[in-house]
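Student: Before we start, here is the structure in question, set down as structure tokens.
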Amino acid sequence: MLSMCKKKEALAKRQEIENKLTSARLPKLFKKKTFDTFKINSTNKKAYESAFEVARNPEGKGVVLAGTPGTGKTHLAVSILNARIKDGKWGI
């Protein structure tokens, strides 16, 4: 069983993440879009890997997502934002 201190810590962390998501002005539809929910296939694997790398090591790096509608560009962009917020960073 979690101690009261650990429960308070976990609640504070969840509240911090929620505050950052609200500040990011992320529509509710996109709050659940993460790298874990992205469906990887042979045509988007490289884009996924590049976006994942930018999310984990953003210093001096960027990514351009281009493609036809429905290829996952928005999902990957939101996944980067969600990963950064989960890591305690701010984003829009």
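Here, A, B, ... name the chains of the structure tokens in the order displayed, residue numbers run from 1 inside each chain, and ligands are numbered from 1 in the same displayed order.
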May I have the residues within 12 Å of Val78 (chain A) as an MDAnalysis selection string, using only C-alpha atoms and disregarding those fewer than 3 positions away in the same chain?
Tutor: chainID A and resid 21 24:38 48 51:52 55 65 72:75 81:85 91:92
Student: Can you tell me, as a ChimeraX atom specification, what residues are no more than 10 Å from Ala47 (chain A) when counting only C-alpha atoms, ignoring any on the same chain fewer than 6 positions away?
Tutor: /A:40,53,63-66,71-73,76
Student: Calculate how many Å separate CA of Lys20 (chain A) from CA of Trp90 (chain A), rounding to one decimal.
Tutor: 6.2 Å
Student: Please return as an mmCIF file with C-alpha atoms, in the first residue's frame: the residues of chain A that backbone DSSP assigns to helix (DSSP H, G or I).
Tutor:
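That gives us result_28.cif:
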data_model
loop_
_atom_site.group_PDB
_atom_site.id
_atom_site.type_symbol
_atom_site.label_atom_id
_atom_site.label_comp_id
_atom_site.auth_asym_id
_atom_site.auth_seq_id
_atom_site.Cartn_x
_atom_site.Cartn_y
_atom_site.Cartn_z
ATOM 1 C CA MET A 4 0.070 8.986 2.336
ATOM 2 C CA CYS A 5 3.188 10.943 1.304
ATOM 3 C CA LYS A 6 3.599 8.851 -1.874
ATOM 4 C CA LYS A 7 -0.103 9.245 -2.710
ATOM 5 C CA LYS A 8 0.182 13.006 -2.261
ATOM 6 C CA GLU A 9 3.276 13.043 -4.490
ATOM 7 C CA ALA A 10 1.519 11.025 -7.202
ATOM 8 C CA LEU A 11 -1.525 13.304 -7.064
ATOM 9 C CA ALA A 12 0.681 16.399 -7.320
ATOM 10 C CA LYS A 13 2.500 14.915 -10.347
ATOM 11 C CA ARG A 14 -0.801 14.094 -12.094
ATOM 12 C CA GLN A 15 -2.060 17.620 -11.380
ATOM 13 C CA GLU A 16 1.159 19.142 -12.744
ATOM 14 C CA ILE A 17 0.814 17.138 -15.972
ATOM 15 C CA GLU A 18 -2.854 18.128 -16.292
ATOM 16 C CA ASN A 19 -1.949 21.801 -15.773
ATOM 17 C CA LYS A 20 0.698 21.593 -18.497
ATOM 18 C CA LEU A 21 -1.733 19.860 -20.870
ATOM 19 C CA THR A 22 -4.260 22.629 -20.218
ATOM 20 C CA SER A 23 -1.583 25.282 -20.753
ATOM 21 C CA LYS A 28 -9.238 16.774 -25.540
ATOM 22 C CA LEU A 29 -9.192 14.535 -28.635
ATOM 23 C CA PHE A 30 -5.377 14.646 -28.679
ATOM 24 C CA LYS A 45 8.351 3.705 -39.206
ATOM 25 C CA LYS A 46 11.116 6.226 -39.991
ATOM 26 C CA ALA A 47 8.829 9.164 -39.135
ATOM 27 C CA TYR A 48 7.946 7.473 -35.834
ATOM 28 C CA GLU A 49 11.611 6.874 -34.979
ATOM 29 C CA SER A 50 12.567 10.470 -35.841
ATOM 30 C CA ALA A 51 9.713 11.955 -33.804
ATOM 31 C CA PHE A 52 10.506 9.667 -30.864
ATOM 32 C CA GLU A 53 14.157 10.755 -30.948
ATOM 33 C CA VAL A 54 13.180 14.444 -30.970
ATOM 34 C CA ALA A 55 10.860 13.886 -28.003
ATOM 35 C CA ARG A 56 13.578 12.168 -25.980
ATOM 36 C CA LYS A 73 1.660 13.603 -38.811
ATOM 37 C CA THR A 74 -0.621 15.151 -36.204
ATOM 38 C CA HIS A 75 -0.495 12.048 -34.017
ATOM 39 C CA LEU A 76 3.313 12.160 -34.010
ATOM 40 C CA ALA A 77 3.421 15.915 -33.326
ATOM 41 C CA VAL A 78 1.049 15.508 -30.388
ATOM 42 C CA SER A 79 3.015 12.467 -29.200
ATOM 43 C CA ILE A 80 6.137 14.648 -29.006
ATOM 44 C CA LEU A 81 4.223 17.276 -27.026
ATOM 45 C CA ASN A 82 2.697 14.700 -24.663
ATOM 46 C CA ALA A 83 6.088 13.058 -24.066
ATOM 47 C CA ARG A 84 7.694 16.413 -23.283
ATOM 48 C CA ILE A 85 4.903 17.336 -20.872
ATOM 49 C CA LYS A 86 5.158 13.954 -19.179
#
